[in-house]
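So this one's structure04.pdb, PDB, C-alpha atoms:
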MODEL        1
ATOM      1  CA  TYR A 243     -11.989  -4.355   7.516  1.00  0.00           C
ATOM      2  CA  SER A 244      -9.321  -4.653  10.208  1.00  0.00           C
ATOM      3  CA  PHE A 245      -7.194  -1.851   8.788  1.00  0.00           C
ATOM      4  CA  GLY A 246      -9.835   0.410   7.204  1.00  0.00           C
ATOM      5  CA  ALA A 247     -10.280   2.634  10.253  1.00  0.00           C
ATOM      6  CA  VAL A 248      -6.514   3.213  10.430  1.00  0.00           C
ATOM      7  CA  LEU A 249      -6.533   4.523   6.864  1.00  0.00           C
ATOM      8  CA  LEU A 250      -9.614   6.675   7.356  1.00  0.00           C
ATOM      9  CA  HIS A 251      -8.578   8.224  10.670  1.00  0.00           C
ATOM     10  CA  HIS A 252      -4.787   8.575  10.548  1.00  0.00           C
ATOM     11  CA  ASP A 253      -3.161  11.924  11.311  1.00  0.00           C
ATOM     12  CA  THR A 254      -2.292  13.270   7.860  1.00  0.00           C
ATOM     13  CA  LYS A 255       0.109  15.809   9.412  1.00  0.00           C
ATOM     14  CA  LYS A 256       2.231  13.026  10.935  1.00  0.00           C
ATOM     15  CA  PHE A 257       1.880  10.191   8.419  1.00  0.00           C
ATOM     16  CA  GLU A 258       1.963   9.936   4.662  1.00  0.00           C
ATOM     17  CA  ILE A 259       0.428   6.620   3.650  1.00  0.00           C
ATOM     18  CA  THR A 260       1.147   4.736   0.454  1.00  0.00           C
ATOM     19  CA  CYS A 261      -0.972   1.653  -0.234  1.00  0.00           C
ATOM     20  CA  TYR A 262       0.118  -1.160  -2.531  1.00  0.00           C
ATOM     21  CA  SER A 263      -3.103  -2.807  -3.621  1.00  0.00           C
ATOM     22  CA  ASP A 264      -3.104  -6.264  -5.171  1.00  0.00           C
ATOM     23  CA  THR A 265      -6.893  -6.078  -5.461  1.00  0.00           C
ATOM     24  CA  ALA A 266      -7.694  -7.145  -9.009  1.00  0.00           C
ATOM     25  CA  GLN A 267     -11.284  -5.915  -9.026  1.00  0.00           C
ATOM     26  CA  GLU A 268     -11.841  -2.672  -7.157  1.00  0.00           C
ATOM     27  CA  ASP A 269     -15.158  -1.745  -5.556  1.00  0.00           C
ATOM     28  CA  ASP A 270     -16.707   1.095  -3.528  1.00  0.00           C
ATOM     29  CA  VAL A 271     -14.705   0.149  -0.423  1.00  0.00           C
ATOM     30  CA  THR A 272     -11.478   0.293  -2.423  1.00  0.00           C
ATOM     31  CA  HIS A 273     -12.404   3.764  -3.685  1.00  0.00           C
ATOM     32  CA  LEU A 274     -13.284   4.951  -0.170  1.00  0.00           C
ATOM     33  CA  LEU A 275      -9.958   3.772   1.249  1.00  0.00           C
ATOM     34  CA  ARG A 276      -8.023   5.203  -1.699  1.00  0.00           C
ATOM     35  CA  SER A 277      -9.579   8.638  -1.107  1.00  0.00           C
ATOM     36  CA  HIS A 278      -8.035   8.793   2.389  1.00  0.00           C
ATOM     37  CA  VAL A 279      -4.397   8.054   1.603  1.00  0.00           C
ATOM     38  CA  GLY A 280      -1.626  10.016  -0.074  1.00  0.00           C
ATOM     39  CA  ASN A 281      -0.650   7.416  -2.656  1.00  0.00           C
ATOM     40  CA  TRP A 282      -2.450   4.367  -4.003  1.00  0.00           C
ATOM     41  CA  ARG A 283      -0.534   1.968  -6.199  1.00  0.00           C
ATOM     42  CA  ARG A 284      -2.328  -0.785  -8.086  1.00  0.00           C
ATOM     43  CA  THR A 285       0.148  -3.650  -8.022  1.00  0.00           C
ATOM     44  CA  SER A 286      -1.676  -6.834  -9.023  1.00  0.00           C
ATOM     45  CA  HIS A 287      -0.045  -6.704 -12.466  1.00  0.00           C
ATOM     46  CA  LEU A 288       3.487  -6.340 -11.064  1.00  0.00           C
ATOM     47  CA  SER A 289       5.934  -9.166 -10.504  1.00  0.00           C
ATOM     48  CA  ASN A 290       7.548  -9.416  -7.071  1.00  0.00           C
ATOM     49  CA  ASP A 291      10.751  -7.873  -8.451  1.00  0.00           C
ATOM     50  CA  GLU A 292       8.819  -4.980 -10.000  1.00  0.00           C
ATOM     51  CA  LEU A 293       6.905  -4.379  -6.751  1.00  0.00           C
ATOM     52  CA  LEU A 294      10.163  -4.451  -4.812  1.00  0.00           C
ATOM     53  CA  SER A 295      11.563  -1.734  -7.087  1.00  0.00           C
ATOM     54  CA  VAL A 296       8.444   0.418  -6.710  1.00  0.00           C
ATOM     55  CA  ILE A 297       8.525   0.193  -2.895  1.00  0.00           C
ATOM     56  CA  ARG A 298      12.208   1.094  -2.801  1.00  0.00           C
ATOM     57  CA  ALA A 299      11.667   4.011  -5.206  1.00  0.00           C
ATOM     58  CA  ASP A 300       8.839   5.306  -2.979  1.00  0.00           C
ATOM     59  CA  GLY A 301      11.233   5.503   0.000  1.00  0.00           C
ATOM     60  CA  ILE A 302       8.898   3.764   2.445  1.00  0.00           C
ATOM     61  CA  ASP A 303       9.977   3.983   6.113  1.00  0.00           C
ATOM     62  CA  ILE A 304       7.529   1.456   7.575  1.00  0.00           C
ATOM     63  CA  LEU A 305       6.051  -1.312   5.413  1.00  0.00           C
ATOM     64  CA  VAL A 306       3.032  -3.177   6.791  1.00  0.00           C
ATOM     65  CA  ASP A 307       1.884  -6.564   5.507  1.00  0.00           C
ATOM     66  CA  LEU A 308      -1.847  -7.264   5.811  1.00  0.00           C
ATOM     67  CA  VAL A 309      -1.934 -10.627   4.009  1.00  0.00           C
ATOM     68  CA  GLY A 310       0.497 -12.964   5.753  1.00  0.00           C
ATOM     69  CA  HIS A 311       0.507 -16.449   4.243  1.00  0.00           C
ATOM     70  CA  MET A 312      -2.903 -16.123   2.590  1.00  0.00           C
ATOM     71  CA  LYS A 313      -3.343 -16.781  -1.121  1.00  0.00           C
ATOM     72  CA  HIS A 314      -1.398 -14.430  -3.433  1.00  0.00           C
ATOM     73  CA  HIS A 315       0.767 -13.127  -0.563  1.00  0.00           C
ATOM     74  CA  ARG A 316       3.869 -11.024  -1.234  1.00  0.00           C
ATOM     75  CA  LEU A 317       6.067 -12.271   1.610  1.00  0.00           C
ATOM     76  CA  SER A 318       8.964 -12.838  -0.790  1.00  0.00           C
ATOM     77  CA  VAL A 319       8.974  -9.054  -1.334  1.00  0.00           C
ATOM     78  CA  PHE A 320       9.240  -8.529   2.439  1.00  0.00           C
ATOM     79  CA  ALA A 321      12.083 -11.071   2.573  1.00  0.00           C
ATOM     80  CA  HIS A 322      14.183  -8.608   0.517  1.00  0.00           C
ATOM     81  CA  LYS A 323      13.645  -5.928   3.217  1.00  0.00           C
ATOM     82  CA  PRO A 324      12.569  -2.990   1.013  1.00  0.00           C
ATOM     83  CA  ALA A 325      11.833  -0.824   4.074  1.00  0.00           C
ATOM     84  CA  PRO A 326      13.882  -0.217   7.246  1.00  0.00           C
ATOM     85  CA  VAL A 327      10.939  -1.284   9.461  1.00  0.00           C
ATOM     86  CA  GLN A 328       8.539  -4.070   8.454  1.00  0.00           C
ATOM     87  CA  ILE A 329       5.422  -5.129  10.341  1.00  0.00           C
ATOM     88  CA  SER A 330       3.023  -8.034  10.022  1.00  0.00           C
ATOM     89  CA  ALA A 331      -0.430  -6.829  11.001  1.00  0.00           C
ATOM     90  CA  TRP A 332      -3.802  -8.585  10.887  1.00  0.00           C
ATOM     91  CA  GLY A 333      -2.813 -10.909   8.058  1.00  0.00           C
ATOM     92  CA  GLU A 334      -0.778 -13.518   9.904  1.00  0.00           C
ATOM     93  CA  PRO A 335      -1.612 -13.190  13.606  1.00  0.00           C
ATOM     94  CA  THR A 336       0.889 -15.798  14.780  1.00  0.00           C
ATOM     95  CA  GLY A 337       3.969 -14.764  12.818  1.00  0.00           C
ATOM     96  CA  THR A 338       5.342 -14.988   9.300  1.00  0.00           C
ATOM     97  CA  GLY A 339       8.602 -16.778  10.057  1.00  0.00           C
ATOM     98  CA  LEU A 340      10.551 -14.139   8.111  1.00  0.00           C
ATOM     99  CA  LYS A 341      13.736 -12.796   9.696  1.00  0.00           C
ATOM    100  CA  ALA A 342      13.230  -9.639   7.631  1.00  0.00           C
ATOM    101  CA  MET A 343       9.924  -8.911   9.423  1.00  0.00           C
ATOM    102  CA  ASP A 344      10.690  -6.712  12.441  1.00  0.00           C
ATOM    103  CA  TYR A 345       7.385  -6.605  14.315  1.00  0.00           C
ATOM    104  CA  ILE A 346       4.028  -8.278  14.533  1.00  0.00           C
ATOM    105  CA  PHE A 347       0.953  -6.544  15.943  1.00  0.00           C
ATOM    106  CA  SER A 348      -0.818  -8.691  18.501  1.00  0.00           C
ATOM    107  CA  ASP A 349      -2.061  -8.773  22.086  1.00  0.00           C
ATOM    108  CA  PRO A 350      -1.224 -10.932  25.130  1.00  0.00           C
ATOM    109  CA  ILE A 351      -4.160 -13.275  24.475  1.00  0.00           C
ATOM    110  CA  LEU A 352      -3.421 -14.000  20.814  1.00  0.00           C
ATOM    111  CA  ILE A 353       0.302 -14.477  21.422  1.00  0.00           C
ATOM    112  CA  PRO A 354       0.919 -15.242  25.106  1.00  0.00           C
ATOM    113  CA  PRO A 355       4.193 -13.880  26.513  1.00  0.00           C
ATOM    114  CA  ALA A 356       5.533 -17.411  27.052  1.00  0.00           C
ATOM    115  CA  LYS A 357       5.255 -18.162  23.286  1.00  0.00           C
ATOM    116  CA  ARG A 358       6.805 -14.969  21.953  1.00  0.00           C
ATOM    117  CA  ALA A 359      10.371 -16.278  21.901  1.00  0.00           C
ATOM    118  CA  LEU A 360       9.251 -18.750  19.216  1.00  0.00           C
ATOM    119  CA  LEU A 361       8.579 -15.937  16.726  1.00  0.00           C
ATOM    120  CA  THR A 362      11.050 -14.219  14.437  1.00  0.00           C
ATOM    121  CA  GLU A 363       9.202 -10.916  14.864  1.00  0.00           C
ATOM    122  CA  LYS A 364       9.171  -8.767  17.997  1.00  0.00           C
ATOM    123  CA  VAL A 365       5.599  -8.584  19.311  1.00  0.00           C
ATOM    124  CA  ALA A 366       4.050  -5.122  19.579  1.00  0.00           C
ATOM    125  CA  ASP A 367       0.865  -5.328  21.629  1.00  0.00           C
ATOM    126  CA  LEU A 368      -2.122  -3.250  20.608  1.00  0.00           C
ATOM    127  CA  PRO A 369      -4.840  -2.266  23.078  1.00  0.00           C
ATOM    128  CA  ASN A 370      -7.393  -3.916  20.782  1.00  0.00           C
ATOM    129  CA  TYR A 371      -5.957  -6.304  18.185  1.00  0.00           C
ATOM    130  CA  ILE A 372      -9.235  -7.450  16.661  1.00  0.00           C
ATOM    131  CA  GLY A 373     -10.943  -4.229  15.770  1.00  0.00           C
ATOM    132  CA  PHE A 374     -13.809  -3.871  13.359  1.00  0.00           C
ATOM    133  CA  TRP A 375     -14.570  -1.207  10.814  1.00  0.00           C
ATOM    134  CA  SER A 376     -17.400  -1.203   8.336  1.00  0.00           C
ATOM    135  CA  PRO A 377     -17.917   1.191   5.444  1.00  0.00           C
ATOM    136  CA  GLU A 378     -21.652   0.995   6.142  1.00  0.00           C
ATOM    137  CA  PRO A 379     -23.448   1.926   9.371  1.00  0.00           C
ATOM    138  CA  VAL A 380     -23.838  -1.111  11.624  1.00  0.00           C
ATOM    139  CA  PRO A 381     -27.490  -1.831  12.521  1.00  0.00           C
ATOM    140  CA  GLU A 382     -28.679  -2.202  16.100  1.00  0.00           C
ATOM    141  CA  ALA A 383     -28.439  -5.740  17.416  1.00  0.00           C
ATOM    142  CA  ASN A 384     -31.635  -7.777  17.608  1.00  0.00           C
ATOM    143  CA  PRO A 385     -32.778  -9.142  20.958  1.00  0.00           C
ATOM    144  CA  LEU A 386     -30.965 -12.317  22.007  1.00  0.00           C
ATOM    145  CA  PRO A 387     -32.930 -15.249  20.496  1.00  0.00           C
ATOM    146  CA  ALA A 388     -32.165 -17.400  23.544  1.00  0.00           C
ATOM    147  CA  LEU A 389     -34.395 -15.131  25.652  1.00  0.00           C
ATOM    148  CA  THR A 390     -37.507 -16.125  23.698  1.00  0.00           C
ATOM    149  CA  ARG A 391     -36.528 -19.658  22.666  1.00  0.00           C
ATOM    150  CA  GLY A 392     -35.124 -20.822  25.987  1.00  0.00           C
ATOM    151  CA  HIS A 393     -31.948 -22.280  24.450  1.00  0.00           C
ATOM    152  CA  VAL A 394     -28.737 -21.126  22.777  1.00  0.00           C
ATOM    153  CA  THR A 395     -28.355 -21.555  19.013  1.00  0.00           C
ATOM    154  CA  PHE A 396     -24.862 -21.639  17.491  1.00  0.00           C
ATOM    155  CA  GLY A 397     -23.843 -20.255  14.119  1.00  0.00           C
ATOM    156  CA  SER A 398     -20.514 -20.620  12.380  1.00  0.00           C
ATOM    157  CA  PHE A 399     -19.037 -18.647   9.510  1.00  0.00           C
ATOM    158  CA  ASN A 400     -16.471 -21.291   8.673  1.00  0.00           C
ATOM    159  CA  ARG A 401     -16.029 -23.720   5.867  1.00  0.00           C
ATOM    160  CA  LEU A 402     -18.099 -26.809   6.596  1.00  0.00           C
ATOM    161  CA  SER A 403     -14.885 -28.877   6.618  1.00  0.00           C
ATOM    162  CA  LYS A 404     -13.940 -27.106   9.874  1.00  0.00           C
ATOM    163  CA  VAL A 405     -17.116 -28.192  11.678  1.00  0.00           C
ATOM    164  CA  LEU A 406     -15.766 -31.520  12.874  1.00  0.00           C
ATOM    165  CA  PRO A 407     -17.466 -34.006  15.206  1.00  0.00           C
ATOM    166  CA  THR A 408     -15.251 -32.824  18.091  1.00  0.00           C
ATOM    167  CA  VAL A 409     -16.375 -29.238  17.503  1.00  0.00           C
ATOM    168  CA  LEU A 410     -20.036 -30.289  17.523  1.00  0.00           C
ATOM    169  CA  GLN A 411     -19.470 -32.276  20.719  1.00  0.00           C
ATOM    170  CA  CYS A 412     -17.921 -29.244  22.399  1.00  0.00           C
ATOM    171  CA  TRP A 413     -20.834 -27.032  21.347  1.00  0.00           C
ATOM    172  CA  ALA A 414     -23.327 -29.638  22.589  1.00  0.00           C
ATOM    173  CA  ALA A 415     -21.584 -29.723  25.998  1.00  0.00           C
ATOM    174  CA  ILE A 416     -22.046 -25.961  26.567  1.00  0.00           C
ATOM    175  CA  GLN A 417     -24.992 -25.257  28.875  1.00  0.00           C
TER     176      GLN A 417
ENDMDL
END
How does this structure look as structure tokens?
Amino acid sequence: YSFGAVLLHHDTKKFEITCYSDTAQEDDVTHLLRSHVGNWRRTSHLSNDELLSVIRADGIDILVDLVGHMKHHRLSVFAHKPAPVQISAWGEPTGTGLKAMDYIFSDPILIPPAKRALLTEKVADLPNYIGFWSPEPVPEANPLPALTRGHVTFGSFNRLSKVLPTVLQCWAAIQ
């Protein structure tokens, strides 16, 4: 959802996009994204060496990683530098640690200028790092519940293991 709008709205006269999809089970969103790019390669069945060969054969100029260190990542493919320019974007917002990764998309809040020397990648700031795209229309927001209830209610879309006592204490201290 961070990269969907880029695929749907890119300038097809200036950019030819090839996607390497490790998605094992495709859905309507996959089909929508596929319909807006020049080439779509299903790669979940390929070994890292096979994927490396495919990328090199495609002659990719700029290779963008959207997974980072998440499960089933392909960072070992990036380590072999199959493209002249390689970018980490939206998958690992604080760097991959790979010398073969040239850039990381970020902003001055996510990676403060004083911390950038710690990264292997050069930071390329975007005007809006955390964008949102949805394949479905987004409904209008409901009125703020605090206006009728007289107090703020917190919600968290995290694993319960992340809601630690210190987190609850911080939330309780907010007035």
Given the PyMOL selection byres ((chain A and resi 375) around 10) and the file above, list the residues it selects as a list of chain:residue names.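 Going through the file, the PyMOL selection byres ((chain A and resi 375) around 10) ends up selecting A:Tyr243, A:Ser244, A:Phe245, A:Gly246, A:Ala247, A:Val248, A:Leu250, A:Gly373, A:Phe374, A:Ser376, A:Pro377, A:Glu378, A:Pro379, A:Val380.
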Same residues, C-alpha atoms, saved as a PDB file, in the frame of the given file:
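Wrote it out as out.pdb, contents follow:
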ATOM      1  CA  TYR A 243     -11.989  -4.355   7.516  1.00  0.00           C
ATOM      2  CA  SER A 244      -9.321  -4.653  10.208  1.00  0.00           C
ATOM      3  CA  PHE A 245      -7.194  -1.851   8.788  1.00  0.00           C
ATOM      4  CA  GLY A 246      -9.835   0.410   7.204  1.00  0.00           C
ATOM      5  CA  ALA A 247     -10.280   2.634  10.253  1.00  0.00           C
ATOM      6  CA  VAL A 248      -6.514   3.213  10.430  1.00  0.00           C
ATOM      7  CA  LEU A 250      -9.614   6.675   7.356  1.00  0.00           C
ATOM      8  CA  GLY A 373     -10.943  -4.229  15.770  1.00  0.00           C
ATOM      9  CA  PHE A 374     -13.809  -3.871  13.359  1.00  0.00           C
ATOM     10  CA  SER A 376     -17.400  -1.203   8.336  1.00  0.00           C
ATOM     11  CA  PRO A 377     -17.917   1.191   5.444  1.00  0.00           C
ATOM     12  CA  GLU A 378     -21.652   0.995   6.142  1.00  0.00           C
ATOM     13  CA  PRO A 379     -23.448   1.926   9.371  1.00  0.00           C
ATOM     14  CA  VAL A 380     -23.838  -1.111  11.624  1.00  0.00           C
TER      15      VAL A 380
END
Point-to-point distance from CA of His287 (chain A) to CA of His273 (chain A), Å rounded to tenths: 18.4 Å
Selection: 8 Å around region 356-363 of chain A, only C-alpha atoms, excl. self and same-chain fewer than 4 positions, as a count of residues only: 10
Determine, counting only C-alpha atoms, which protein, DNA and RNA residues have an atom within 10 Å of an atom of region 314-316 of chain A; residues of the same chain fewer than 6 positions away are not included. Present the result as JSON, numbers by chain. {"A": [264, 286, 289, 290, 293, 294, 307, 308, 333]}
Any chance you could work out the residue set of the PyMOL selection byres ((chain A and resi 300) around 12) here, as a list in words?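 On the file shown, the PyMOL selection byres ((chain A and resi 300) around 12) covers Glu258, Ile259, Thr260, Cys261, Tyr262, Gly280, Asn281, Trp282, Arg283, Leu293, Leu294, Ser295, Val296, Ile297, Arg298, Ala299, Gly301, Ile302, Asp303, Ile304, Leu305, Pro324 and Ala325 of chain A.
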Write a file of the selected residues as an mmCIF file, in the coordinates of the input, keeping C-alpha atoms.
data_model
loop_
_atom_site.group_PDB
_atom_site.id
_atom_site.type_symbol
_atom_site.label_atom_id
_atom_site.label_comp_id
_atom_site.auth_asym_id
_atom_site.auth_seq_id
_atom_site.Cartn_x
_atom_site.Cartn_y
_atom_site.Cartn_z
ATOM 1 C CA GLU A 258 1.963 9.936 4.662
ATOM 2 C CA ILE A 259 0.428 6.620 3.650
ATOM 3 C CA THR A 260 1.147 4.736 0.454
ATOM 4 C CA CYS A 261 -0.972 1.653 -0.234
ATOM 5 C CA TYR A 262 0.118 -1.160 -2.531
ATOM 6 C CA GLY A 280 -1.626 10.016 -0.074
ATOM 7 C CA ASN A 281 -0.650 7.416 -2.656
ATOM 8 C CA TRP A 282 -2.450 4.367 -4.003
ATOM 9 C CA ARG A 283 -0.534 1.968 -6.199
ATOM 10 C CA LEU A 293 6.905 -4.379 -6.751
ATOM 11 C CA LEU A 294 10.163 -4.451 -4.812
ATOM 12 C CA SER A 295 11.563 -1.734 -7.087
ATOM 13 C CA VAL A 296 8.444 0.418 -6.710
ATOM 14 C CA ILE A 297 8.525 0.193 -2.895
ATOM 15 C CA ARG A 298 12.208 1.094 -2.801
ATOM 16 C CA ALA A 299 11.667 4.011 -5.206
ATOM 17 C CA GLY A 301 11.233 5.503 0.000
ATOM 18 C CA ILE A 302 8.898 3.764 2.445
ATOM 19 C CA ASP A 303 9.977 3.983 6.113
ATOM 20 C CA ILE A 304 7.529 1.456 7.575
ATOM 21 C CA LEU A 305 6.051 -1.312 5.413
ATOM 22 C CA PRO A 324 12.569 -2.990 1.013
ATOM 23 C CA ALA A 325 11.833 -0.824 4.074
#
Computed interatomic separation between CA of Lys364 (chain A) and CA of Ala331 (chain A) (Å):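 Interatomic distance, CA of Lys364 (chain A) to CA of Ala331 (chain A): 12.0 Å.
One distance worth recording is that between CA of Lys323 (chain A) and CA of Glu292 (chain A), which is 14.1 Å.
Closest approach to Tyr371 (chain A) from the set A:Val279, A:Leu352, A:Ala321, A:Leu389 is made by A:Leu352, with distances taken over all atoms listed in the file.
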Just checking: using only C-alpha atoms, which residue out of A:Pro381, A:Pro387, A:Gly392, A:Pro335 ends up closest to Val365 (chain A)?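 Once distances to Val365 (chain A) are computed over only C-alpha atoms, the minimum belongs to A:Pro335.
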Between A:Leu249, A:Pro326, A:Ala415, A:Lys313, single out the one closest to Leu274 (chain A), counting only C-alpha atoms.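 Of all the options, A:Leu249 lies closest to Leu274 (chain A).
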